[in-house]
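Undergrad: Take a look at model02.txt, compact mmCIF, C-alpha atoms (C1' of nucleotides):
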```txt
# COMPACT_ATOMS: atom_id res chain seq x y z
CA MET A 1 91.73 131.89 89.51
CA PRO A 2 92.91 130.52 86.21
CA THR A 3 93.21 134.13 85.20
CA SER A 4 93.21 135.14 81.57
CA THR A 5 96.57 135.64 79.93
CA ARG A 6 95.00 137.97 77.40
CA PHE A 7 96.17 141.10 79.14
CA ALA A 8 99.79 140.04 79.07
CA VAL A 9 99.55 138.84 75.50
CA ALA A 10 97.74 141.98 74.34
CA SER A 11 100.45 144.11 75.90
CA HIS A 12 103.00 141.99 74.08
CA ILE A 13 101.19 142.50 70.78
CA LEU A 14 100.88 146.25 71.16
CA THR A 15 104.46 146.65 72.23
CA ALA A 16 105.57 144.71 69.19
CA LEU A 17 103.47 146.94 66.94
CA ALA A 18 104.95 150.00 68.61
CA MET A 19 108.41 148.93 67.56
CA THR A 20 107.92 148.64 63.81
CA ASP A 21 107.37 152.32 63.00
CA GLY A 22 104.06 151.86 61.25
CA ARG A 23 104.92 148.79 59.25
CA PRO A 24 102.10 146.21 59.37
CA VAL A 25 102.84 142.98 61.21
CA ARG A 26 101.18 139.70 60.33
CA SER A 27 99.33 137.78 63.03
CA GLU A 28 101.53 134.87 62.06
CA ASP A 29 104.68 136.75 62.99
CA ILE A 30 103.22 138.02 66.23
CA ALA A 31 102.16 134.48 67.07
CA ALA A 32 105.76 133.35 66.69
CA SER A 33 106.95 136.03 69.08
CA VAL A 34 104.25 135.21 71.62
CA ASN A 35 104.69 131.49 71.05
CA THR A 36 101.09 130.63 70.34
CA SER A 37 98.86 130.21 67.29
CA ALA A 38 97.85 132.96 64.89
CA VAL A 39 94.18 132.37 65.66
CA VAL A 40 94.69 133.24 69.31
CA ILE A 41 96.42 136.45 68.26
CA ARG A 42 93.64 137.36 65.89
CA GLY A 43 91.06 136.72 68.58
CA ILE A 44 92.76 139.15 70.92
CA MET A 45 93.38 141.58 68.08
CA SER A 46 89.69 141.53 67.36
CA ARG A 47 89.08 142.97 70.81
CA LEU A 48 91.84 145.52 70.38
CA ASN A 49 90.26 146.58 67.09
CA ASP A 50 86.88 147.01 68.74
CA ALA A 51 88.49 149.12 71.42
CA GLY A 52 90.06 151.36 68.79
CA LEU A 53 93.62 150.52 69.77
CA THR A 54 94.62 148.76 66.55
CA ARG A 55 93.46 148.40 62.99
CA SER A 56 94.15 145.83 60.30
CA GLN A 57 95.49 146.10 56.81
CA LEU A 58 94.03 143.35 54.67
CA GLY A 59 95.61 141.71 51.68
CA SER A 60 99.16 141.10 50.64
CA GLY A 61 101.72 142.98 52.66
CA GLY A 62 99.05 143.63 55.25
CA GLY A 63 98.89 143.01 58.96
CA ALA A 64 98.12 144.80 62.20
CA LEU A 65 98.86 148.42 62.99
CA LEU A 66 98.44 150.70 65.97
CA ALA A 67 95.41 152.95 65.62
CA LYS A 68 96.74 155.52 68.08
CA ALA A 69 100.14 156.72 69.20
CA ALA A 70 101.80 154.25 71.55
CA ALA A 71 102.19 157.05 74.07
CA GLU A 72 98.43 157.34 74.23
CA ILE A 73 97.74 153.70 74.94
CA ARG A 74 97.74 153.04 78.66
CA LEU A 75 97.91 149.57 80.17
CA LEU A 76 94.50 150.36 81.61
CA ASP A 77 93.11 150.71 78.09
CA VAL A 78 94.57 147.35 77.20
CA TYR A 79 93.23 145.75 80.33
CA GLU A 80 89.72 147.00 79.73
CA ALA A 81 89.83 145.99 76.08
CA VAL A 82 90.63 142.33 76.63
CA GLU A 83 89.58 141.29 80.13
CA ASP A 84 86.04 140.14 80.68
CA THR A 85 85.77 139.21 84.31
CA GLU A 86 85.79 141.15 87.53
CA ILE A 87 88.84 141.00 89.74
CA PHE A 88 86.71 140.04 92.71
CA ALA A 89 84.17 137.31 92.21
CA VAL A 90 81.32 137.05 94.67
CA HIS A 91 79.22 134.16 95.88
CA ARG A 92 78.27 131.86 93.03
CA THR A 93 74.86 131.28 94.58
CA ALA A 94 73.25 134.19 96.38
CA PRO A 95 73.69 133.97 100.16
CA CYS A 96 70.82 133.38 102.57
CA THR A 97 68.58 136.43 102.57
CA THR A 98 67.10 135.79 105.99
CA CYS A 99 70.41 135.87 107.87
CA PRO A 100 71.68 139.30 108.95
CA VAL A 101 75.11 138.61 107.50
CA GLY A 102 73.98 136.83 104.36
CA ALA A 103 71.49 139.52 103.47
CA ASN A 104 74.00 142.35 103.82
CA ILE A 105 77.52 141.10 103.29
CA LEU A 106 77.70 141.81 99.58
CA ASP A 107 76.43 145.36 99.91
CA VAL A 108 78.69 145.99 102.85
CA ILE A 109 81.89 144.66 101.32
CA ASN A 110 81.27 146.16 97.90
CA PRO A 111 82.58 149.68 98.60
CA ALA A 112 85.91 148.27 99.72
CA LEU A 113 86.17 146.18 96.57
CA VAL A 114 85.29 149.14 94.39
CA ARG A 115 88.02 151.22 96.04
CA ALA A 116 90.57 148.45 95.62
CA ARG A 117 89.76 148.03 91.97
CA ALA A 118 89.91 151.78 91.42
CA ALA A 119 93.38 151.85 92.97
CA LEU A 120 94.52 149.07 90.68
CA GLU A 121 93.14 150.77 87.62
CA ALA A 122 94.64 154.12 88.54
CA GLU A 123 98.02 152.46 88.69
CA LEU A 124 97.53 150.76 85.33
CA GLY A 125 96.68 154.15 83.90
CA LYS A 126 100.14 155.43 84.64
CA THR A 127 102.06 153.22 82.23
CA THR A 128 101.88 153.39 78.44
CA ILE A 129 102.81 151.05 75.63
CA ALA A 130 105.37 153.64 74.52
CA GLU A 131 107.17 153.27 77.83
CA LEU A 132 107.34 149.50 77.48
CA ALA A 133 108.67 149.78 73.94
CA GLY A 134 111.17 152.43 75.05
CA THR A 135 112.50 150.23 77.83
CA ILE A 136 112.98 147.36 75.43
CA ARG A 137 114.82 149.60 73.01
CA GLU A 138 117.16 150.69 75.77
CA ARG A 139 117.88 147.10 76.64
CA ALA A 140 118.60 146.22 73.04
CA GLU A 141 121.25 148.89 72.81
CA THR A 142 123.37 147.62 75.67
CA MET B 1 88.42 133.81 84.46
CA PRO B 2 86.32 131.52 86.53
CA THR B 3 87.64 133.55 89.40
CA SER B 4 87.63 132.24 92.92
CA THR B 5 84.79 133.22 95.19
CA ARG B 6 86.81 132.27 98.23
CA PHE B 7 87.69 135.80 99.19
CA ALA B 8 84.06 136.89 99.30
CA VAL B 9 83.02 133.75 101.17
CA ALA B 10 85.88 134.00 103.64
CA SER B 11 84.92 137.58 104.39
CA HIS B 12 81.38 136.39 104.93
CA ILE B 13 82.55 133.70 107.32
CA LEU B 14 84.74 136.00 109.38
CA THR B 15 82.09 138.68 109.56
CA ALA B 16 79.62 136.10 110.81
CA LEU B 17 82.09 134.97 113.47
CA ALA B 18 82.65 138.57 114.48
CA MET B 19 78.97 138.93 115.31
CA THR B 20 78.58 136.10 117.81
CA ASP B 21 80.71 137.49 120.63
CA GLY B 22 82.97 134.50 120.96
CA ARG B 23 80.35 131.80 120.65
CA PRO B 24 81.52 128.99 118.35
CA VAL B 25 79.64 128.61 115.08
CA ARG B 26 79.27 125.28 113.30
CA SER B 27 80.40 125.01 109.68
CA GLU B 28 76.92 123.71 108.99
CA ASP B 29 75.33 126.94 110.16
CA ILE B 30 77.79 129.09 108.26
CA ALA B 31 77.11 127.02 105.17
CA ALA B 32 73.41 127.83 105.47
CA SER B 33 74.17 131.53 105.64
CA VAL B 34 76.51 131.38 102.67
CA ASN B 35 74.21 129.00 100.83
CA THR B 36 76.73 126.30 100.08
CA SER B 37 77.88 123.02 101.63
CA ALA B 38 79.64 122.62 104.96
CA VAL B 39 82.61 120.99 103.28
CA VAL B 40 83.28 124.06 101.20
CA ILE B 41 83.18 126.16 104.35
CA ARG B 42 85.56 123.83 106.14
CA GLY B 43 87.94 123.95 103.21
CA ILE B 44 88.11 127.72 103.36
CA MET B 45 88.26 127.63 107.13
CA SER B 46 91.24 125.35 106.90
CA ARG B 47 93.10 128.13 105.12
CA LEU B 48 91.93 130.71 107.63
CA ASN B 49 93.18 128.48 110.41
CA ASP B 50 96.57 128.14 108.78
CA ALA B 51 96.75 131.91 108.47
CA GLY B 52 96.02 132.31 112.17
CA LEU B 53 92.77 134.15 111.64
CA THR B 54 90.45 131.52 113.10
CA ARG B 55 90.60 128.46 115.29
CA SER B 56 88.27 125.53 115.78
CA GLN B 57 86.62 124.08 118.81
CA LEU B 58 86.13 120.35 118.31
CA GLY B 59 83.42 118.16 119.79
CA SER B 60 79.92 118.84 120.90
CA GLY B 61 79.04 122.50 121.17
CA GLY B 62 82.11 123.30 119.11
CA GLY B 63 82.62 125.28 115.96
CA ALA B 64 84.73 128.06 114.54
CA LEU B 65 86.03 131.08 116.41
CA LEU B 66 88.06 134.14 115.55
CA ALA B 67 91.68 133.79 116.63
CA LYS B 68 92.24 137.55 116.69
CA ALA B 69 90.15 140.63 117.35
CA ALA B 70 87.96 141.48 114.37
CA ALA B 71 89.48 144.95 114.34
CA GLU B 72 92.86 143.39 113.65
CA ILE B 73 91.77 141.36 110.65
CA ARG B 74 92.12 143.35 107.45
CA LEU B 75 90.57 142.33 104.15
CA LEU B 76 94.12 142.07 102.89
CA ASP B 77 94.82 139.35 105.45
CA VAL B 78 91.76 137.48 104.28
CA TYR B 79 92.70 137.87 100.65
CA GLU B 80 96.18 136.53 101.18
CA ALA B 81 94.91 133.67 103.28
CA VAL B 82 92.53 132.23 100.72
CA GLU B 83 93.56 133.31 97.22
CA ASP B 84 96.10 131.21 95.40
CA THR B 85 96.56 132.82 92.04
CA GLU B 86 98.09 136.03 90.87
CA ILE B 87 95.82 138.83 89.74
CA PHE B 88 97.75 139.08 86.49
CA ALA B 89 98.45 135.86 84.65
CA VAL B 90 101.26 135.85 82.14
CA HIS B 91 101.90 133.87 79.00
CA ARG B 92 101.00 130.23 79.45
CA THR B 93 103.93 129.18 77.32
CA ALA B 94 107.08 131.27 77.53
CA PRO B 95 107.40 133.73 74.65
CA CYS B 96 110.04 133.51 71.95
CA THR B 97 113.43 134.19 73.50
CA THR B 98 115.08 135.27 70.26
CA CYS B 99 112.68 138.12 69.51
CA PRO B 100 113.48 141.49 71.15
CA VAL B 101 109.94 141.85 72.43
CA GLY B 102 109.39 138.25 73.41
CA ALA B 103 112.63 138.06 75.33
CA ASN B 104 111.93 141.19 77.36
CA ILE B 105 108.21 141.86 77.60
CA LEU B 106 107.65 140.00 80.85
CA ASP B 107 110.53 141.70 82.64
CA VAL B 108 109.51 145.06 81.27
CA ILE B 109 105.85 144.87 82.17
CA ASN B 110 106.40 143.32 85.55
CA PRO B 111 107.15 146.51 87.52
CA ALA B 112 103.86 148.01 86.39
CA LEU B 113 101.98 144.90 87.47
CA VAL B 114 103.75 144.88 90.82
CA ARG B 115 102.78 148.50 91.41
CA ALA B 116 99.18 147.84 90.45
CA ARG B 117 98.94 144.89 92.77
CA ALA B 118 100.54 146.86 95.58
CA ALA B 119 97.96 149.60 95.14
CA LEU B 120 95.18 147.05 95.31
CA GLU B 121 96.59 145.45 98.42
CA ALA B 122 97.15 148.78 100.14
CA GLU B 123 93.49 149.54 99.64
CA LEU B 124 92.44 146.14 100.99
CA GLY B 125 94.56 146.84 104.04
CA LYS B 126 92.38 149.77 105.01
CA THR B 127 89.21 147.83 105.79
CA THR B 128 88.76 145.42 108.69
CA ILE B 129 86.28 142.69 109.49
CA ALA B 130 85.19 144.75 112.50
CA GLU B 131 84.09 147.52 110.17
CA LEU B 132 82.02 145.15 108.06
CA ALA B 133 80.37 143.68 111.14
CA GLY B 134 79.76 147.17 112.50
CA THR B 135 78.07 148.30 109.34
CA ILE B 136 75.80 145.28 109.39
CA ARG B 137 74.88 145.96 113.01
CA GLU B 138 73.95 149.50 112.11
CA ARG B 139 71.74 148.28 109.34
CA ALA B 140 70.03 145.78 111.60
CA GLU B 141 69.06 148.51 114.04
CA THR B 142 67.18 150.59 111.54
C1' DA C 1 81.03 105.48 125.81
C1' DT C 2 78.50 108.27 122.76
C1' DA C 3 77.18 111.88 120.10
C1' DT C 4 78.89 115.95 117.91
C1' DG C 5 81.55 118.44 114.77
C1' DT C 6 86.00 119.13 112.45
C1' DG C 7 89.52 117.76 108.80
C1' DT C 8 90.53 115.77 104.49
C1' DA C 9 90.50 112.67 100.54
C1' DA C 10 88.25 111.22 96.32
C1' DT C 11 85.04 112.04 92.68
C1' DA C 12 82.35 114.44 89.54
C1' DG C 13 80.34 118.57 87.29
C1' DT C 14 80.98 123.32 85.55
C1' DG C 15 82.90 127.40 83.09
C1' DA C 16 86.45 130.02 81.01
C1' DT C 17 90.58 129.60 78.59
C1' DA C 18 93.62 128.10 75.04
C1' DT C 19 94.46 125.34 70.96
C1' DT C 20 93.65 123.55 66.48
C1' DT C 21 91.34 122.94 62.06
C1' DA C 22 88.67 124.83 58.59
C1' DC C 23 86.85 128.17 55.60
C1' DA C 24 84.76 132.58 53.92
C1' DC C 25 85.95 137.29 52.86
C1' DA C 26 88.69 141.51 51.67
C1' DC C 27 92.38 143.63 49.56
C1' DA C 28 96.93 144.23 46.98
C1' DA C 29 99.64 143.23 43.14
C1' DA C 30 100.35 141.35 38.77
C1' DT D 1 90.33 140.44 36.44
C1' DT D 2 92.74 136.90 38.41
C1' DT D 3 95.77 135.26 41.95
C1' DG D 4 97.90 135.18 46.22
C1' DT D 5 98.03 136.93 50.82
C1' DG D 6 96.28 137.70 55.24
C1' DT D 7 92.32 138.74 58.22
C1' DG D 8 87.95 137.30 60.70
C1' DT D 9 85.23 133.82 62.77
C1' DA D 10 83.06 129.43 63.73
C1' DA D 11 83.38 124.74 65.57
C1' DA D 12 85.44 121.05 68.11
C1' DT D 13 88.80 119.57 71.57
C1' DA D 14 91.81 119.68 75.73
C1' DT D 15 93.03 121.73 79.94
C1' DC D 16 92.78 123.89 84.36
C1' DA D 17 90.86 125.75 88.57
C1' DC D 18 86.88 126.00 91.13
C1' DT D 19 82.65 124.28 93.39
C1' DA D 20 79.85 120.63 95.01
C1' DT D 21 79.09 116.14 96.92
C1' DT D 22 80.00 111.82 99.24
C1' DA D 23 82.48 109.36 102.47
C1' DC D 24 85.08 108.51 106.44
C1' DA D 25 88.68 109.10 110.11
C1' DC D 26 89.73 111.73 114.21
C1' DA D 27 89.24 114.72 118.28
C1' DT D 28 86.53 116.29 122.13
C1' DA D 29 82.65 117.69 125.20
C1' DT D 30 78.98 115.60 127.87
```
In structure tokens, write the structure found in this file.

TA:
Amino acid sequence: MPTSTRFAVASHILTALAMTDGRPVRSEDIAASVNTSAVVIRGIMSRLNDAGLTRSQLGSGGGALLAKAAAEIRLLDVYEAVEDTEIFAVHRTAPCTTCPVGANILDVINPALVRARAALEAELGKTTIAELAGTIRERAET
Amino acid sequence: MPTSTRFAVASHILTALAMTDGRPVRSEDIAASVNTSAVVIRGIMSRLNDAGLTRSQLGSGGGALLAKAAAEIRLLDVYEAVEDTEIFAVHRTAPCTTCPVGANILDVINPALVRARAALEAELGKTTIAELAGTIRERAET
DNA sequence: ATATGTGTAATAGTGATATTTACACACAAA
DNA sequence: TTTGTGTGTAAATATCACTATTACACATAT
């Protein structure tokens, strides 16, 4: 899977915002830190805005801001805000409906996939943006 | 992500093999059940062979066979055998090394991603091909 | 020997992602 | 109110992995 890098980049963005103490940050500056273009950042930020994780200050001196406390933004929230696709893709074309296996395999395997995804998401729910920012602060001090 | 469907198809293949009681199955026949081409099936089977999950019987009357008991093939084994890419992709181009966030974000977020992936894999380790085949048999009887 | 079926390379088509350019719109500051 | 700043979004392009298809060499049972 050429998996999306949006989750990693979105985490980067939010962590950066968490470290400025409420000062707005321009998409341009974030783009420099991420090493990509400002348009890519704004595209991801658009999703984060929709999810209620960030908000934008227009005009001069403006930029992006966190819309909630960093301690209340879990990696799971970020993941859901920016990722479109399922972790597990299934058959591109529906399998043969007249074969015993083809007719049932998707239904039969689905519960296992649901459990696996739930386990992943539960784990992502345990880490917050505040923790990431805190760890970086610790590193900066040494 | 145009995510890979190989995991779902490979599970389909192995479940089909688990239901023939050791009779070889041609890639052509599996392809019909999956609703794709035989070459695609052979490509996936090549990976399953390398992983020691299946073996092939060449020549007339030949086909694919399980190389281990279905009860000893976990979905995790299948997943690892056929999936190439990481669940979580990171920045395509390395982030800015002179920014505090850019220089550290990947290291800092990595432990959380490792834990999430481990949780997913642990869950995939709990289901076997034998269970899938068994569930399909039950359904066929009703 | 012959037919059968696997194994693999080469090619092309598809879909999502990422990048870039361009421009309209909103707001702050003077 | 005017000007500059920065966001928001559309459109066009390039890239990458995946899937599908064609073709052919090789191994093996009969």

Undergrad: Counting all atoms listed in the file, which residues have an atom no more than 12 Å from (84.6, 132.1, 63.2) in the file's coordinates? Please list them as an MDAnalysis selection string.

TA: (chainID A and resid 39:40 42:43 46) or (chainID C and resid 21:25) or (chainID D and resid 7:11)

Undergrad: Excluding same-chain residues fewer than 4 positions from stretch 21-26 of chain D, what lies within 9 Å of it counting all atoms listed in the file, as JSON, numbers by chain?

TA: {"B": [37, 39], "C": [6, 7, 8, 9, 10, 11, 12]}

Undergrad: Using only C-alpha atoms (C1' of nucleotides), find each residue in chain D having at least one atom no more than 7 Å away from chain A; report its shortest atom-to-atom pair and that distance in Å (one decimal), rows by chain then rising number, as a tab-separated table.

TA:
```
residue	atom	partner	partner_atom	distance
D:DT5	C1'	A:Ser60	CA	4.3
D:DG6	C1'	A:Gly59	CA	5.4
D:DT7	C1'	A:Leu58	CA	6.1
D:DC16	C1'	A:Pro2	CA	6.9
D:DA17	C1'	A:Pro2	CA	5.7
```

Undergrad: Atom CA of A:Thr135 and atom CA of A:Thr20, how far apart in Å?

TA: 14.8 Å

Undergrad: Take atom CA of B:Gly102 and atom CA of A:Ala70 and report the distance between them in Å, one decimal.

TA: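 Computing the Euclidean distance for atom CA of B:Gly102 and atom CA of A:Ala70 yields 17.8 Å.
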
Undergrad: Residues of chain B within 6 Å of chain A, using only C-alpha atoms, as a PDB file with C-alpha atoms, in the coordinates of the input?

TA:
```pdb
ATOM      1  CA  MET B   1      88.420 133.810  84.460  1.00  0.00           C
ATOM      2  CA  THR B   3      87.640 133.550  89.400  1.00  0.00           C
ATOM      3  CA  SER B   4      87.630 132.240  92.920  1.00  0.00           C
ATOM      4  CA  THR B   5      84.790 133.220  95.190  1.00  0.00           C
ATOM      5  CA  ALA B   8      84.060 136.890  99.300  1.00  0.00           C
ATOM      6  CA  SER B  33      74.170 131.530 105.640  1.00  0.00           C
ATOM      7  CA  VAL B  34      76.510 131.380 102.670  1.00  0.00           C
ATOM      8  CA  ASN B  35      74.210 129.000 100.830  1.00  0.00           C
ATOM      9  CA  THR B  85      96.560 132.820  92.040  1.00  0.00           C
ATOM     10  CA  ALA B  89      98.450 135.860  84.650  1.00  0.00           C
ATOM     11  CA  VAL B  90     101.260 135.850  82.140  1.00  0.00           C
ATOM     12  CA  HIS B  91     101.900 133.870  79.000  1.00  0.00           C
ATOM     13  CA  PRO B  95     107.400 133.730  74.650  1.00  0.00           C
ATOM     14  CA  CYS B  96     110.040 133.510  71.950  1.00  0.00           C
ATOM     15  CA  GLY B 102     109.390 138.250  73.410  1.00  0.00           C
ATOM     16  CA  ALA B 116      99.180 147.840  90.450  1.00  0.00           C
ATOM     17  CA  ALA B 119      97.960 149.600  95.140  1.00  0.00           C
ATOM     18  CA  LEU B 120      95.180 147.050  95.310  1.00  0.00           C
ATOM     19  CA  GLU B 123      93.490 149.540  99.640  1.00  0.00           C
TER      20      GLU B 123
END
```
